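A.B. asks: Starting off with a structure, shown below.
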Amino acid sequence: MNTLKTVCKLLFFSLLVGGFLFQQQAFGQEKKEYSSVKEALSKSRQLSGSNGPRNVNWIDNGNRYSYMQYNQETESMEIRAYDPATKKDELIFNNTEHTFPDSEKTFEYSSFQWSKDSKYLVFKSNFRPVYRHSGISDYYLYSVEKGSLELLVEDARTAELSPDGQKIGYEREGDLFVYDLQAEQETQLTNSADKYFYNGRFGWVYEEEFGLAQAWVWSPDSKHIAYWQTDERHVNIFQMTDYSGQHPEYEKIPYPKVGDKNPKVKIGVVNVETSEQQWLETPEGGYIPRLYWTSKNDKLAIVHLNRAQTNLKLSFSDINSGNSRLVMEETSDKWIDVFDFFAGINHLFFFPKDSEEFFWISDRDGWSHIYRYGYDGEVKNQVTKGNWEVTYVHTVDYRNNRIYYNSTEESPLQRHLYSVNFNGRNKMKHTKVEGRHNISMGSNGKYFINRYSNISTPTQVELWNTMDGKLEVLEDNVPVEEFTDSHAYSPRELFSFTTSDGQKLDGYIIKPFNFDPTKSYPLVLNIYGGPGAQGVYNSWESSGWNQYLAQKGFVIVNVNNRGSGGYGSDFEKVVYKQLGKYEAKDFAETAEYMAKKDWVDGNNMAIRGHSYGGYMTSYTLFTHPDVFAAGISTAPVTDWRLYDSIYTERYMGLMKNNKEGYKKSASVTHASDLKGKLLLSHSTMDENVHVQNTMQLMTALTSNGKDVDLRIYPPGAHGVAFNTASYYLLYETYTNYLLEHLK
């Protein structure tokens, strides 16, 4: 009897599954699939959709915002301004109506900035990139009132209008200048620039690892400029070439690696009227990653980190005498952050004007929270608290004593906007729909633009009033939903599991199109994994390449490994002094967890990543050799002794104190253990992760009789691909490699 029931149940289940699959396949046949990798990549925009207003800048103290849009009728790029209160939309600038001064050529620009009084625009034109965040440009001034466009300065690295709108400061060829708009007169403020010696400019390592391109700051009263003086003359030189021409030229960059001598920096303040200089007292050695003007015009706040980045000091310096006073100090047994690259937050200190207090985001209690300080250095109160993280501060509204911030309070997979009084009371949640919310907010905290999505909803863009709620829908991306209705599409599915040592991890799965649970599919673990990064959110899946792989019958998986941000300092900082160990363990166990599912082919799994993800791909393949059949490693660090001092020593400590840790964390150390297939890709013009990493790994692999595949794209920098054709070819190579070795 029981046997008969069992047979009936199995028969019913098979009919049910068969009917389901028939419906899915019949429906799937009506959906269009990508014909090639090139088509999938070129049409990714149809999956991501529109992000609404472009290049949003809040003006008039946050009561209006400007944005850019392309006008199809006039074939021009417009800058417009919108007033949420009156719904008035005003044309500010149309590039086709202007030519370069003394020329008939239509004016073009790469970016712009507003003056604080919203009367002028400063355009950056003829941009020539140098490093990730910086380049050389020409700067033009546009008067909104007069409609006039004039050239201000040529070949400057950075430029910015003074707060009072009367002058423009700029750095050119390693010295600082100021131009008086009324007097039409240029004044050189510094004159000591030399090769690898700059005033108001960073070298490569400061810019890359502390996130700022402009090494000078206007005082709020427009009377002074505070700046970094950088001396790199003693720093080891890295040189690279793309091997073009008969006799290749080499680009030379001061690049300090682990244990090397770092750039020396001094902090100066210059009076823009008299050019009088004052050097400020700072601690010896270490780094000065941030400067802030306080609410007192004669006081500059200086942030200092020791070289190991485990001790932070905040000092107030008198710009007249140069004397400094220690205000607060923080010491940690791991690293201390001063900015968050992955969250896009450049500052963790906030100094409201007209108030003798400041705010700082610290993880001293195990979670990143906001602390409120007086100028005497005493903590007034902890503003936010709980087992969740503040991930972004948008506005410190000193008039109403409220802070607006994003946090993980709902879930590490989500981001929501909250506000709270300075004293930590009257907290309010402003975003409602589940998902990842990206906020653009004005300085008064009155309005904000909310861009959000979740795994079932493409990006939505809405205009909100913080007190009255949603005002308008700016973009609903209906065309994205129409596209996914008519084309093959596999959404993200969120999952979590617990590792063998008891750590819960969150991930997402993208299943093959026309998924059949009775089949067995190869798997691709697509990762990054570096400290503070996060790869998995409750957000819309928009990668054309992921969709192409799903259409080719791959399961795609990502996971928030230990070391990721958003889960508290214990989760993130467990990787300290042992990069690779826990990340690789989590990647291997994620794959093993997935391999237990009937529809995953555990014998055909691959891991793929770029940069830190490239490092983790090779390191995981070598240290867990029986898990993955193949790996694709692009622009990888293969030995942390080859990478820059600031980043590496932040997470690995000083090499003299952690020699064994550096050895264990290097992929080259474990190269002899490779069992699977490996594709390496790199560019010889990668100034970030030098091709030396891949070459040393190739030597280690070859010396151990391990044959791997190698692709070199000489001109491609850290992205490897250097033009559209090479971009398509790179991903076609990835795809063919997976098809060859997993299918």
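Going by the structure tokens order, chains are called A, B, ..., each with residues numbered from 1, while ligands are numbered from 1 in the order shown.
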Name the residues of segment 577-612 of chain A that come out as strand (DSSP E or B) in a backbone DSSP run; write them as a ChimeraX atom specification.
C.D. replies: /A:600-610
A.B. asks: Would you export the selected residues with C-alpha atoms as a short mmCIF file (atom, residue, chain, number, x, y, z; two decimals), in the first residue's frame, please?
C.D. replies:
```cif
data_model
loop_
_atom_site.label_atom_id
_atom_site.label_comp_id
_atom_site.auth_asym_id
_atom_site.auth_seq_id
_atom_site.Cartn_x
_atom_site.Cartn_y
_atom_site.Cartn_z
CA VAL A 600 24.72 21.80 -9.97
CA ASP A 601 27.54 19.80 -11.55
CA GLY A 602 30.10 19.79 -8.77
CA ASN A 603 32.79 18.47 -11.10
CA ASN A 604 32.51 21.48 -13.38
CA MET A 605 32.74 24.66 -11.35
CA ALA A 606 34.85 27.76 -12.07
CA ILE A 607 35.86 30.88 -10.16
CA ARG A 608 36.44 34.22 -11.88
CA GLY A 609 37.54 37.68 -10.71
CA HIS A 610 39.33 40.93 -11.59
#
```
A.B. asks: When you draw a straight line from atom CA of Thr282 of chain A to atom CA of Val327 of chain A, how long is it in Å?
C.D. replies: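 Atom-to-atom, atom CA of Thr282 of chain A and atom CA of Val327 of chain A are spaced 12.8 Å apart.
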A.B. asks: List every residue of segment 457-497 of chain A that has an atom at most 9 Å from any atom of segment 60-84 of chain A, and for each one report the closest atom pair and its distance in Å to one decimal, counting only C-alpha atoms, with rows sorted by chain and then by increasing residue number, as JSON lines.
C.D. replies:
```
{"residue": "A:Leu463", "atom": "CA", "partner": "A:Pro84", "partner_atom": "CA", "distance": 8.1}
{"residue": "A:Trp464", "atom": "CA", "partner": "A:Pro84", "partner_atom": "CA", "distance": 8.9}
{"residue": "A:Asn465", "atom": "CA", "partner": "A:Pro84", "partner_atom": "CA", "distance": 8.6}
{"residue": "A:Leu471", "atom": "CA", "partner": "A:Pro84", "partner_atom": "CA", "distance": 8.0}
{"residue": "A:Glu472", "atom": "CA", "partner": "A:Pro84", "partner_atom": "CA", "distance": 9.0}
```
A.B. asks: What's the 10 Å shell around Pro479 of chain A, counting only C-alpha atoms, without same-chain residues fewer than 3 positions away, as a ChimeraX atom specification?
C.D. replies: /A:46-47,49-50,458,476,482-485
A.B. asks: Can you measure atom CA of Gly424 of chain A to atom CA of Ser443 of chain A for me? One decimal in Å is fine.
C.D. replies: 19.7 Å
A.B. asks: Neighbours of Lys43 of chain A within 10 Å (only C-alpha atoms; same-chain residues fewer than 6 positions away dropped), as a list in words?
C.D. replies: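 Neighbouring residues, sequence-local ones excluded: Tyr34, Val37, Ser543, Gly544 and Trp545 of chain A.
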A.B. asks: Identify, on the basis of only C-alpha atoms, every residue whose closest approach to Asn438 of chain A does not exceed 7 Å; exclude the query and any residue fewer than 5 positions from it along the same chain; express the result as a PyMOL selection string.
C.D. replies: chain A and resi 450-452
A.B. asks: For those residues, write C-alpha atoms to a file as a short mmCIF file (atom, residue, chain, number, x, y, z; two decimals), in the first residue's frame.
C.D. replies:
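Output file selection_8.cif follows:
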```cif
data_model
loop_
_atom_site.label_atom_id
_atom_site.label_comp_id
_atom_site.auth_asym_id
_atom_site.auth_seq_id
_atom_site.Cartn_x
_atom_site.Cartn_y
_atom_site.Cartn_z
CA ASN A 450 16.05 58.20 -4.49
CA ARG A 451 17.40 55.61 -6.92
CA TYR A 452 16.58 52.08 -5.82
#
```
A.B. asks: For segment 321-324 of chain A, find every residue with an atom within 7 Å (counting only C-alpha atoms), except residues of its own chain fewer than 5 positions away, and show them as a ChimeraX atom specification.
C.D. replies: /A:278-281,315-316
A.B. asks: Based on DSSP run over this structure's backbone, return all residues of segment 520-676 of chain A in helix (DSSP H, G or I), as a VMD selection string.
C.D. replies: chain A and resid 544 to 551 569 to 573 581 to 595 612 to 623 640 to 642 645 to 652 655 to 657 659 to 665 667 to 673
A.B. asks: Considering only C-alpha atoms, return as an MDAnalysis selection string whatever protein or nucleic-acid residues lie within 10 Å of segment 538-542 of chain A, sequence-local ones (same chain, fewer than 4 positions apart) excluded.
C.D. replies: chainID A and resid 44:49 411:415 434:437 452:459 480 489:494 507:508 510 546:547
A.B. asks: Please save N, CA, C and O atoms of the selected residues as a compact mmCIF listing (two decimals), in the first residue's frame.
C.D. replies:
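As written to disk, out17.txt reads:
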```txt
# COMPACT_ATOMS: atom_id res chain seq x y z
N SER A 44 23.60 45.71 -22.65
CA SER A 44 23.42 45.69 -21.20
C SER A 44 22.57 46.86 -20.73
O SER A 44 21.87 46.77 -19.71
N ARG A 45 22.63 48.00 -21.44
CA ARG A 45 21.84 49.17 -21.04
C ARG A 45 20.35 48.85 -21.03
O ARG A 45 19.59 49.45 -20.25
N GLN A 46 19.92 47.93 -21.89
CA GLN A 46 18.50 47.57 -21.91
C GLN A 46 18.09 46.82 -20.64
O GLN A 46 16.91 46.75 -20.32
N LEU A 47 19.06 46.26 -19.94
CA LEU A 47 18.78 45.60 -18.67
C LEU A 47 18.90 46.56 -17.49
O LEU A 47 18.14 46.48 -16.53
N SER A 48 19.87 47.46 -17.56
CA SER A 48 20.07 48.40 -16.45
C SER A 48 19.10 49.56 -16.51
O SER A 48 18.67 50.09 -15.48
N GLY A 49 18.74 49.99 -17.74
CA GLY A 49 17.79 51.09 -17.88
C GLY A 49 18.40 52.44 -17.57
O GLY A 49 19.61 52.62 -17.52
N SER A 411 18.87 45.37 6.67
CA SER A 411 19.59 44.16 6.27
C SER A 411 20.90 44.58 5.63
O SER A 411 20.97 45.61 4.97
N PRO A 412 21.96 43.77 5.78
CA PRO A 412 23.21 44.08 5.06
C PRO A 412 23.03 44.05 3.54
O PRO A 412 23.87 44.59 2.82
N LEU A 413 21.96 43.40 3.07
CA LEU A 413 21.71 43.34 1.63
C LEU A 413 20.92 44.54 1.13
O LEU A 413 20.69 44.66 -0.08
N GLN A 414 20.52 45.41 2.04
CA GLN A 414 19.74 46.58 1.67
C GLN A 414 20.42 47.85 2.18
O GLN A 414 21.29 47.81 3.04
N ARG A 415 20.02 48.98 1.62
CA ARG A 415 20.45 50.29 2.11
C ARG A 415 19.21 51.17 2.17
O ARG A 415 18.48 51.28 1.17
N GLU A 434 11.70 47.70 -0.06
CA GLU A 434 12.91 46.93 0.20
C GLU A 434 13.87 47.04 -0.98
O GLU A 434 13.46 47.20 -2.12
N GLY A 435 15.17 46.98 -0.70
CA GLY A 435 16.15 47.03 -1.75
C GLY A 435 17.33 47.92 -1.39
O GLY A 435 17.53 48.31 -0.24
N ARG A 436 18.09 48.23 -2.40
CA ARG A 436 19.29 49.07 -2.23
C ARG A 436 18.97 50.48 -2.72
O ARG A 436 18.76 50.71 -3.90
N HIS A 437 18.96 51.44 -1.79
CA HIS A 437 18.61 52.82 -2.10
C HIS A 437 19.86 53.68 -2.18
O HIS A 437 20.65 53.73 -1.23
N TYR A 452 16.57 53.37 -6.52
CA TYR A 452 16.58 52.08 -5.82
C TYR A 452 16.12 50.96 -6.75
O TYR A 452 15.49 51.19 -7.79
N SER A 453 16.46 49.76 -6.37
CA SER A 453 15.99 48.56 -7.06
C SER A 453 16.01 47.41 -6.08
O SER A 453 16.55 47.52 -4.97
N ASN A 454 15.40 46.30 -6.48
CA ASN A 454 15.53 45.05 -5.74
C ASN A 454 15.53 43.91 -6.75
O ASN A 454 15.49 44.16 -7.97
N ILE A 455 15.59 42.69 -6.30
CA ILE A 455 15.77 41.59 -7.24
C ILE A 455 14.60 41.42 -8.21
O ILE A 455 14.76 40.81 -9.27
N SER A 456 13.44 41.99 -7.88
CA SER A 456 12.28 41.87 -8.77
C SER A 456 11.87 43.19 -9.41
O SER A 456 10.91 43.22 -10.17
N THR A 457 12.58 44.27 -9.12
CA THR A 457 12.21 45.59 -9.61
C THR A 457 13.42 46.31 -10.17
O THR A 457 14.39 46.54 -9.45
N PRO A 458 13.39 46.69 -11.48
CA PRO A 458 14.50 47.47 -12.02
C PRO A 458 14.56 48.85 -11.38
O PRO A 458 13.62 49.27 -10.67
N THR A 459 15.62 49.57 -11.64
CA THR A 459 15.86 50.86 -10.99
C THR A 459 14.66 51.80 -11.09
O THR A 459 14.12 52.03 -12.17
N VAL A 480 12.62 48.47 -19.40
CA VAL A 480 13.40 47.35 -18.92
C VAL A 480 12.50 46.14 -18.68
O VAL A 480 12.83 45.01 -19.07
N TYR A 489 15.63 36.17 -19.74
CA TYR A 489 16.15 36.87 -18.55
C TYR A 489 16.06 35.96 -17.34
O TYR A 489 15.03 35.31 -17.09
N SER A 490 17.15 35.92 -16.58
CA SER A 490 17.20 35.12 -15.35
C SER A 490 17.48 36.05 -14.19
O SER A 490 18.57 36.65 -14.12
N PRO A 491 16.55 36.22 -13.26
CA PRO A 491 16.74 37.15 -12.14
C PRO A 491 17.67 36.59 -11.07
O PRO A 491 17.99 35.40 -11.07
N ARG A 492 18.10 37.47 -10.19
CA ARG A 492 18.84 37.03 -9.01
C ARG A 492 17.89 36.33 -8.04
O ARG A 492 16.73 36.72 -7.90
N GLU A 493 18.40 35.34 -7.35
CA GLU A 493 17.71 34.73 -6.23
C GLU A 493 18.66 34.78 -5.04
O GLU A 493 19.82 34.36 -5.14
N LEU A 494 18.19 35.31 -3.93
CA LEU A 494 19.03 35.43 -2.74
C LEU A 494 19.03 34.14 -1.94
O LEU A 494 18.01 33.44 -1.88
N GLY A 507 24.37 35.21 -0.29
CA GLY A 507 24.77 35.16 -1.69
C GLY A 507 23.59 35.32 -2.61
O GLY A 507 22.44 35.44 -2.18
N TYR A 508 23.89 35.34 -3.91
CA TYR A 508 22.81 35.28 -4.89
C TYR A 508 23.14 34.23 -5.94
O TYR A 508 24.30 33.89 -6.18
N ILE A 510 22.04 33.12 -10.02
CA ILE A 510 21.36 33.35 -11.29
C ILE A 510 21.30 31.99 -11.98
O ILE A 510 22.33 31.41 -12.33
N ASN A 546 26.34 38.09 -17.53
CA ASN A 546 25.71 37.09 -16.68
C ASN A 546 24.52 36.45 -17.39
O ASN A 546 24.31 35.23 -17.31
N GLN A 547 23.73 37.27 -18.06
CA GLN A 547 22.57 36.73 -18.76
C GLN A 547 22.98 35.83 -19.92
O GLN A 547 22.34 34.80 -20.19
```
A.B. asks: Would you write out, as JSON lines, a table of all residues in segment 553-648 of chain A that have an atom no more than 9 Å from an atom of segment 382-401 of chain A, listing for each the closest atom pair and the distance in Å to one decimal, considering only C-alpha atoms and ordering rows by chain and rising residue number?
C.D. replies:
```
{"residue": "A:Gly565", "atom": "CA", "partner": "A:Glu389", "partner_atom": "CA", "distance": 9.0}
{"residue": "A:Gly566", "atom": "CA", "partner": "A:Glu389", "partner_atom": "CA", "distance": 6.1}
{"residue": "A:Tyr567", "atom": "CA", "partner": "A:Trp388", "partner_atom": "CA", "distance": 7.0}
{"residue": "A:Gly568", "atom": "CA", "partner": "A:Glu389", "partner_atom": "CA", "distance": 6.7}
```
A.B. asks: Kindly save the residues from that selection, with N, CA, C and O atoms included, as a tab-separated table (two decimals), in the first residue's frame.
C.D. replies:
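Written output follows (out00.tsv):
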```tsv
chain	number	residue	atom	x	y	z
A	565	GLY	N	32.22	44.46	3.47
A	565	GLY	CA	31.64	45.50	4.31
A	565	GLY	C	30.17	45.24	4.57
A	565	GLY	O	29.53	44.41	3.93
A	566	GLY	N	29.62	45.98	5.55
A	566	GLY	CA	28.19	45.91	5.83
A	566	GLY	C	27.79	44.96	6.94
A	566	GLY	O	26.63	44.95	7.36
A	567	TYR	N	28.72	44.16	7.45
A	567	TYR	CA	28.40	43.13	8.43
A	567	TYR	C	29.09	43.34	9.78
A	567	TYR	O	29.10	42.43	10.61
A	568	GLY	N	29.67	44.48	9.99
A	568	GLY	CA	30.36	44.73	11.24
A	568	GLY	C	31.85	44.47	11.13
A	568	GLY	O	32.33	43.78	10.22
```
A.B. asks: Could you tell me which of A:Ser681, A:Gln503, A:Ala629, A:Pro256 comes closest to Glu209 of chain A if we count only C-alpha atoms?
C.D. replies: A:Pro256
A.B. asks: Have a look at A:Phe571, A:Tyr140, A:Trp218, A:Tyr619 and name the one nearest to Leu152 of chain A; count only C-alpha atoms.
C.D. replies: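 Answer, going by the shortest atom-to-atom distance: A:Tyr140.
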